[in-house]
Each structure stands twice: as structure tokens, then as C-alpha cells.
Amino acid sequence: MSRILIIEDDLAIAEIERDYLEINGFEVAIETDGVSGMNTALREEFQLILLDLMLPQLDGFVVCRRLREQLDIPILMVTAKKEDIDKIRGLGLGADDYIVKPFSPGELVARVQAHIATYNRLKGEPRDMRPEITVGAIRINPRSHRVFVKDREINLKNKEYELLLFLVTNADIVFDKETLYERIWGMDAMGDSATVAVHINRLREKIENDPSDSHYIETVWGVGYRFRA
């Protein structure tokens, strides 16, 4: 049974989330402040964390950054704010995705199920035995999940690595944000593509000489993204 940690200061909301998740077969723990949530997440084993941004003691942004330094499990931000800057900041700190309040119980359960399924699939897959891929100054070793730019290893999070590998192995093909979200995150885009855009920007910062003048990942305006071989 997959275990989920909800870090949410509104106990009534947390209990509703817990009830729907438990009905769908998950085991759920709740913490109501940032410090307790972070400590529990690091002390116990969970398969996903639902992390509210507005928390007492430590806000969700700080908690996300510190957890991502030690954990590779999915972190799903839960926020009442619709401003893109909050989404971008949270995703930039290592969150895998976000969900905006108010949301339907069905959407919450679907998001959680999809992220856990993707995470379990990647962990359970046999080692990728494809040979090393070289494009320009970029080298990707699928066997070890290691990426090098000009012989310097760069640290990519799970979704960043998956996104880069997908684009490289489908070079010169244009993909819209919705398709990339479905392929990499394993679910329908649900009408918001900020998650893909932020991960593309994070990739550019790590693999490009000048992220503002991208050589590898090209934006095809009005369409999507293409990796230039």
C-alpha cells in the first residue's frame, strides 16, 4: 500500500483529502506545519507528498527545497494561489507538479495515482541498456541516468532527466506542452501547461551556454518545443 504524507495547516482540508485518498486505497499521514512535515517526511517512508505552500513555521517553498535535496519521491504542491509566479517558484525548487485549490476529489486522486504509478514504473523498470547518446556537447548515459555537458556532469531531477531523454531521442520533432505533459507526467494536461514550461526552463539553465538564446531546446512559437540535433 502506498503511503502519502499531507502537509497542510488547515486540518479540515487535510482530513477531507485523507478520506478520499484512503477510500482509494492509500495510507495517509497528516502534519499541519512545515517543521513537523519536513521531519516526518525525512524520518518515515512515503511514496508521495502533498505539500501546501502556506504553512506555519516553515513555508512550503522552504520545505520543498529541503526535501528535494534528500528525497526523489513525487512532491505535489497544493496551493490556493493562482499566480504563475508561485507555481514557477515551487516547480523551480523541485516540486514535480501542482494542484490549485479548490479542486475536485476526483482530480486529487487522479493526480496522486498518476504520479505514484509513474514513479513506481521508473523504479521498477530494468536498467536502460541503450548505448550512450551524444548530441553536440551533451552526453546522456541511459544506463546510469547520468548527463554530461562539455564533460561536466550536471544534476537533473527525475522529470528533468526524463524530459531531456525524451526530447533527445525524438530530436527535430515538435511537441506541444500538452503532449509532453502526457508523455512525461503520465496524465492529461488538465488545461495548464506551466509545469512543462518551468521544467523546460530548468533544463535550459543546466544544458545551455545561454538559456535566453537556446541552442538545443527550441521554442516553436504557437506550437511547442523541439530538440535540435
# chains A, B, ... in the order shown; residues from 1 in each chain; ligands from 1

call {"tool": "closest_atom_pairs", "arguments": {"of": "segment 67-165 of chain A", "to": "segment 194-208 of chain A", "cutoff": "9 Å", "atoms": "only C-alpha atoms", "output": "JSON lines"}}
result
{"residue": "A:Asp84", "atom": "CA", "partner": "A:Ala194", "partner_atom": "CA", "distance": 7.6}
{"residue": "A:Lys87", "atom": "CA", "partner": "A:Ala194", "partner_atom": "CA", "distance": 7.5}
{"residue": "A:Ile88", "atom": "CA", "partner": "A:Val198", "partner_atom": "CA", "distance": 6.1}
{"residue": "A:Arg89", "atom": "CA", "partner": "A:Val198", "partner_atom": "CA", "distance": 8.9}
{"residue": "A:Leu91", "atom": "CA", "partner": "A:Val198", "partner_atom": "CA", "distance": 6.7}
{"residue": "A:Gly92", "atom": "CA", "partner": "A:Val198", "partner_atom": "CA", "distance": 6.9}
{"residue": "A:Asp96", "atom": "CA", "partner": "A:Thr195", "partner_atom": "CA", "distance": 7.8}
{"residue": "A:Asp97", "atom": "CA", "partner": "A:Thr195", "partner_atom": "CA", "distance": 6.1}
{"residue": "A:Tyr98", "atom": "CA", "partner": "A:Thr195", "partner_atom": "CA", "distance": 7.8}
{"residue": "A:Ala137", "atom": "CA", "partner": "A:Ile207", "partner_atom": "CA", "distance": 8.8}
{"residue": "A:Ile138", "atom": "CA", "partner": "A:Ile207", "partner_atom": "CA", "distance": 7.5}
{"residue": "A:Phe148", "atom": "CA", "partner": "A:Ile207", "partner_atom": "CA", "distance": 8.6}
{"residue": "A:Val149", "atom": "CA", "partner": "A:Ile207", "partner_atom": "CA", "distance": 6.3}
{"residue": "A:Ile154", "atom": "CA", "partner": "A:Lys206", "partner_atom": "CA", "distance": 6.9}
{"residue": "A:Asn155", "atom": "CA", "partner": "A:Lys206", "partner_atom": "CA", "distance": 8.2}
{"residue": "A:Leu156", "atom": "CA", "partner": "A:Leu203", "partner_atom": "CA", "distance": 8.0}
{"residue": "A:Lys159", "atom": "CA", "partner": "A:His199", "partner_atom": "CA", "distance": 7.7}
{"residue": "A:Glu160", "atom": "CA", "partner": "A:His199", "partner_atom": "CA", "distance": 6.2}
{"residue": "A:Tyr161", "atom": "CA", "partner": "A:Leu203", "partner_atom": "CA", "distance": 8.6}
{"residue": "A:Leu163", "atom": "CA", "partner": "A:His199", "partner_atom": "CA", "distance": 8.1}
{"residue": "A:Leu164", "atom": "CA", "partner": "A:Leu203", "partner_atom": "CA", "distance": 7.5}

call {"tool": "closest_atom_pairs", "arguments": {"of": "segment 41-149 of chain A", "to": "segment 6-21 of chain A", "cutoff": "12 Å", "atoms": "only C-alpha atoms", "output": "Markdown table"}}
result
| residue | atom | partner | partner_atom | distance |
| --- | --- | --- | --- | --- |
| A:Ala41 | CA | A:Ile7 | CA | 9.3 |
| A:Phe46 | CA | A:Ile6 | CA | 10.3 |
| A:Gln47 | CA | A:Ile6 | CA | 11.4 |
| A:Leu48 | CA | A:Ile6 | CA | 8.8 |
| A:Ile49 | CA | A:Ile6 | CA | 6.0 |
| A:Leu50 | CA | A:Ile6 | CA | 4.8 |
| A:Leu51 | CA | A:Ile7 | CA | 5.0 |
| A:Asp52 | CA | A:Glu8 | CA | 5.3 |
| A:Leu53 | CA | A:Glu8 | CA | 8.3 |
| A:Met54 | CA | A:Asp9 | CA | 7.7 |
| A:Leu55 | CA | A:Asp9 | CA | 5.8 |
| A:Pro56 | CA | A:Asp9 | CA | 7.2 |
| A:Gln57 | CA | A:Asp9 | CA | 10.4 |
| A:Leu58 | CA | A:Ile7 | CA | 11.1 |
| A:Asp59 | CA | A:Asp9 | CA | 10.3 |
| A:Gly60 | CA | A:Ile7 | CA | 8.6 |
| A:Val63 | CA | A:Ile7 | CA | 9.8 |
| A:Cys64 | CA | A:Ile7 | CA | 10.8 |
| A:Ile75 | CA | A:Ile6 | CA | 10.3 |
| A:Leu76 | CA | A:Ile6 | CA | 9.7 |
| A:Met77 | CA | A:Ile7 | CA | 9.7 |
| A:Val78 | CA | A:Glu8 | CA | 8.5 |
| A:Thr79 | CA | A:Glu8 | CA | 9.9 |
| A:Ala80 | CA | A:Glu8 | CA | 11.6 |
| A:Lys101 | CA | A:Ile13 | CA | 10.2 |
| A:Pro102 | CA | A:Ile13 | CA | 10.2 |
| A:Phe103 | CA | A:Glu17 | CA | 10.3 |
| A:Ser104 | CA | A:Glu17 | CA | 9.9 |
| A:Pro105 | CA | A:Tyr20 | CA | 6.6 |
| A:Gly106 | CA | A:Tyr20 | CA | 8.5 |
| A:Glu107 | CA | A:Tyr20 | CA | 10.7 |
| A:Leu108 | CA | A:Glu17 | CA | 7.9 |
| A:Val109 | CA | A:Leu21 | CA | 6.3 |
| A:Ala110 | CA | A:Leu21 | CA | 9.9 |
| A:Arg111 | CA | A:Leu21 | CA | 11.0 |
| A:Val112 | CA | A:Leu21 | CA | 8.6 |
| A:Gln113 | CA | A:Leu21 | CA | 9.5 |

call {"tool": "closest_residue", "arguments": {"among": "A:Lys157, A:Arg152, A:Lys177, A:Arg228", "to": "Asp72 of chain A", "atoms": "only C-alpha atoms"}}
result
A:Lys157

call {"tool": "residues_around", "arguments": {"residues": "Val168 of chain A", "least_positions_apart": "5", "cutoff": "8 Å", "atoms": "only C-alpha atoms", "output": "list in words"}}
result
Val135, Phe227 and Ala229 of chain A

call {"tool": "select_by_dssp", "arguments": {"residues": "segment 31-212 of chain A", "states": "helix (DSSP H, G or I)", "output": "number ranges by chain"}}
result
A: 34-43, 60-68, 84-92, 105-124, 158-169, 177-185, 194-207

call {"tool": "write_last_selection", "arguments": {"atoms": "C-alpha atoms", "output": "PDB file, in the first residue's frame"}}
result
ATOM      1  CA  GLY A  34       6.324  22.962   7.912  1.00  0.00           C
ATOM      2  CA  VAL A  35       8.796  21.778  10.537  1.00  0.00           C
ATOM      3  CA  SER A  36       6.812  18.712  11.586  1.00  0.00           C
ATOM      4  CA  GLY A  37       6.025  17.912   7.971  1.00  0.00           C
ATOM      5  CA  MET A  38       9.636  18.071   6.904  1.00  0.00           C
ATOM      6  CA  ASN A  39      10.816  15.977   9.836  1.00  0.00           C
ATOM      7  CA  THR A  40       8.166  13.310   9.257  1.00  0.00           C
ATOM      8  CA  ALA A  41       8.930  13.189   5.541  1.00  0.00           C
ATOM      9  CA  LEU A  42      12.615  12.589   6.230  1.00  0.00           C
ATOM     10  CA  ARG A  43      12.075  10.156   9.094  1.00  0.00           C
ATOM     11  CA  GLY A  60       6.077  25.180   1.620  1.00  0.00           C
ATOM     12  CA  PHE A  61       8.766  26.667  -0.585  1.00  0.00           C
ATOM     13  CA  VAL A  62      11.464  26.095   2.033  1.00  0.00           C
ATOM     14  CA  VAL A  63      10.139  22.634   2.865  1.00  0.00           C
ATOM     15  CA  CYS A  64      10.094  21.666  -0.813  1.00  0.00           C
ATOM     16  CA  ARG A  65      13.667  22.769  -1.383  1.00  0.00           C
ATOM     17  CA  ARG A  66      14.987  20.914   1.664  1.00  0.00           C
ATOM     18  CA  LEU A  67      13.044  17.728   0.922  1.00  0.00           C
ATOM     19  CA  ARG A  68      14.158  17.661  -2.695  1.00  0.00           C
ATOM     20  CA  ASP A  84       2.000  31.751 -12.101  1.00  0.00           C
ATOM     21  CA  ILE A  85       4.918  33.099 -10.061  1.00  0.00           C
ATOM     22  CA  ASP A  86       4.023  30.810  -7.145  1.00  0.00           C
ATOM     23  CA  LYS A  87       3.749  27.795  -9.437  1.00  0.00           C
ATOM     24  CA  ILE A  88       7.022  28.652 -11.134  1.00  0.00           C
ATOM     25  CA  ARG A  89       8.814  29.178  -7.832  1.00  0.00           C
ATOM     26  CA  GLY A  90       7.578  25.887  -6.378  1.00  0.00           C
ATOM     27  CA  LEU A  91       8.411  23.902  -9.501  1.00  0.00           C
ATOM     28  CA  GLY A  92      11.798  25.578  -9.652  1.00  0.00           C
ATOM     29  CA  PRO A 105     -11.606  14.937  -5.024  1.00  0.00           C
ATOM     30  CA  GLY A 106     -11.502  13.068  -8.316  1.00  0.00           C
ATOM     31  CA  GLU A 107      -8.789  15.329  -9.675  1.00  0.00           C
ATOM     32  CA  LEU A 108      -6.724  14.953  -6.499  1.00  0.00           C
ATOM     33  CA  VAL A 109      -6.941  11.164  -6.553  1.00  0.00           C
ATOM     34  CA  ALA A 110      -6.175  11.037 -10.289  1.00  0.00           C
ATOM     35  CA  ARG A 111      -3.091  13.216  -9.897  1.00  0.00           C
ATOM     36  CA  VAL A 112      -1.792  11.207  -6.963  1.00  0.00           C
ATOM     37  CA  GLN A 113      -2.399   7.871  -8.698  1.00  0.00           C
ATOM     38  CA  ALA A 114      -0.683   9.018 -11.895  1.00  0.00           C
ATOM     39  CA  HIS A 115       2.422  10.364 -10.127  1.00  0.00           C
ATOM     40  CA  ILE A 116       2.831   7.267  -7.967  1.00  0.00           C
ATOM     41  CA  ALA A 117       2.299   4.967 -10.957  1.00  0.00           C
ATOM     42  CA  THR A 118       4.940   6.819 -12.966  1.00  0.00           C
ATOM     43  CA  TYR A 119       7.385   6.810 -10.046  1.00  0.00           C
ATOM     44  CA  ASN A 120       6.881   3.080  -9.389  1.00  0.00           C
ATOM     45  CA  ARG A 121       7.236   2.273 -13.079  1.00  0.00           C
ATOM     46  CA  LEU A 122      10.543   4.093 -13.321  1.00  0.00           C
ATOM     47  CA  LYS A 123      11.868   2.492 -10.149  1.00  0.00           C
ATOM     48  CA  GLY A 124      10.773  -0.961 -11.248  1.00  0.00           C
ATOM     49  CA  ASN A 158      13.805  12.756 -12.328  1.00  0.00           C
ATOM     50  CA  LYS A 159      11.375  14.694 -14.506  1.00  0.00           C
ATOM     51  CA  GLU A 160      14.137  16.866 -15.973  1.00  0.00           C
ATOM     52  CA  TYR A 161      16.075  13.764 -16.994  1.00  0.00           C
ATOM     53  CA  GLU A 162      13.004  12.065 -18.463  1.00  0.00           C
ATOM     54  CA  LEU A 163      12.088  15.205 -20.399  1.00  0.00           C
ATOM     55  CA  LEU A 164      15.600  15.619 -21.795  1.00  0.00           C
ATOM     56  CA  LEU A 165      15.901  11.965 -22.779  1.00  0.00           C
ATOM     57  CA  PHE A 166      12.504  12.033 -24.486  1.00  0.00           C
ATOM     58  CA  LEU A 167      13.333  15.179 -26.461  1.00  0.00           C
ATOM     59  CA  VAL A 168      16.786  13.941 -27.467  1.00  0.00           C
ATOM     60  CA  THR A 169      15.502  10.562 -28.635  1.00  0.00           C
ATOM     61  CA  LYS A 177       3.112  21.207 -23.966  1.00  0.00           C
ATOM     62  CA  GLU A 178       0.054  19.010 -23.534  1.00  0.00           C
ATOM     63  CA  THR A 179       1.703  16.078 -25.305  1.00  0.00           C
ATOM     64  CA  LEU A 180       4.903  16.447 -23.293  1.00  0.00           C
ATOM     65  CA  TYR A 181       2.907  16.529 -20.065  1.00  0.00           C
ATOM     66  CA  GLU A 182       1.042  13.374 -21.021  1.00  0.00           C
ATOM     67  CA  ARG A 183       4.236  11.558 -22.061  1.00  0.00           C
ATOM     68  CA  ILE A 184       6.430  12.564 -19.110  1.00  0.00           C
ATOM     69  CA  TRP A 185       3.935  13.048 -16.273  1.00  0.00           C
ATOM     70  CA  ALA A 194       3.086  25.749 -16.622  1.00  0.00           C
ATOM     71  CA  THR A 195       4.678  22.550 -15.289  1.00  0.00           C
ATOM     72  CA  VAL A 196       6.190  21.730 -18.689  1.00  0.00           C
ATOM     73  CA  ALA A 197       7.332  25.297 -19.318  1.00  0.00           C
ATOM     74  CA  VAL A 198       9.133  25.505 -15.972  1.00  0.00           C
ATOM     75  CA  HIS A 199      10.886  22.167 -16.500  1.00  0.00           C
ATOM     76  CA  ILE A 200      11.962  23.276 -19.988  1.00  0.00           C
ATOM     77  CA  ASN A 201      13.430  26.456 -18.499  1.00  0.00           C
ATOM     78  CA  ARG A 202      15.230  24.480 -15.796  1.00  0.00           C
ATOM     79  CA  LEU A 203      16.709  22.195 -18.444  1.00  0.00           C
ATOM     80  CA  ARG A 204      17.885  25.162 -20.472  1.00  0.00           C
ATOM     81  CA  GLU A 205      19.606  26.652 -17.439  1.00  0.00           C
ATOM     82  CA  LYS A 206      21.548  23.424 -16.984  1.00  0.00           C
ATOM     83  CA  ILE A 207      22.446  22.429 -20.554  1.00  0.00           C
TER      84      ILE A 207
END

call {"tool": "atom_distance", "arguments": {"atom1": "atom CA of Arg3 of chain A", "atom2": "atom CA of Phe26 of chain A"}}
result
6.0 Å

call {"tool": "atom_distance", "arguments": {"atom1": "atom CA of Ala171 of chain A", "atom2": "atom CA of Arg139 of chain A"}}
result
14.3 Å
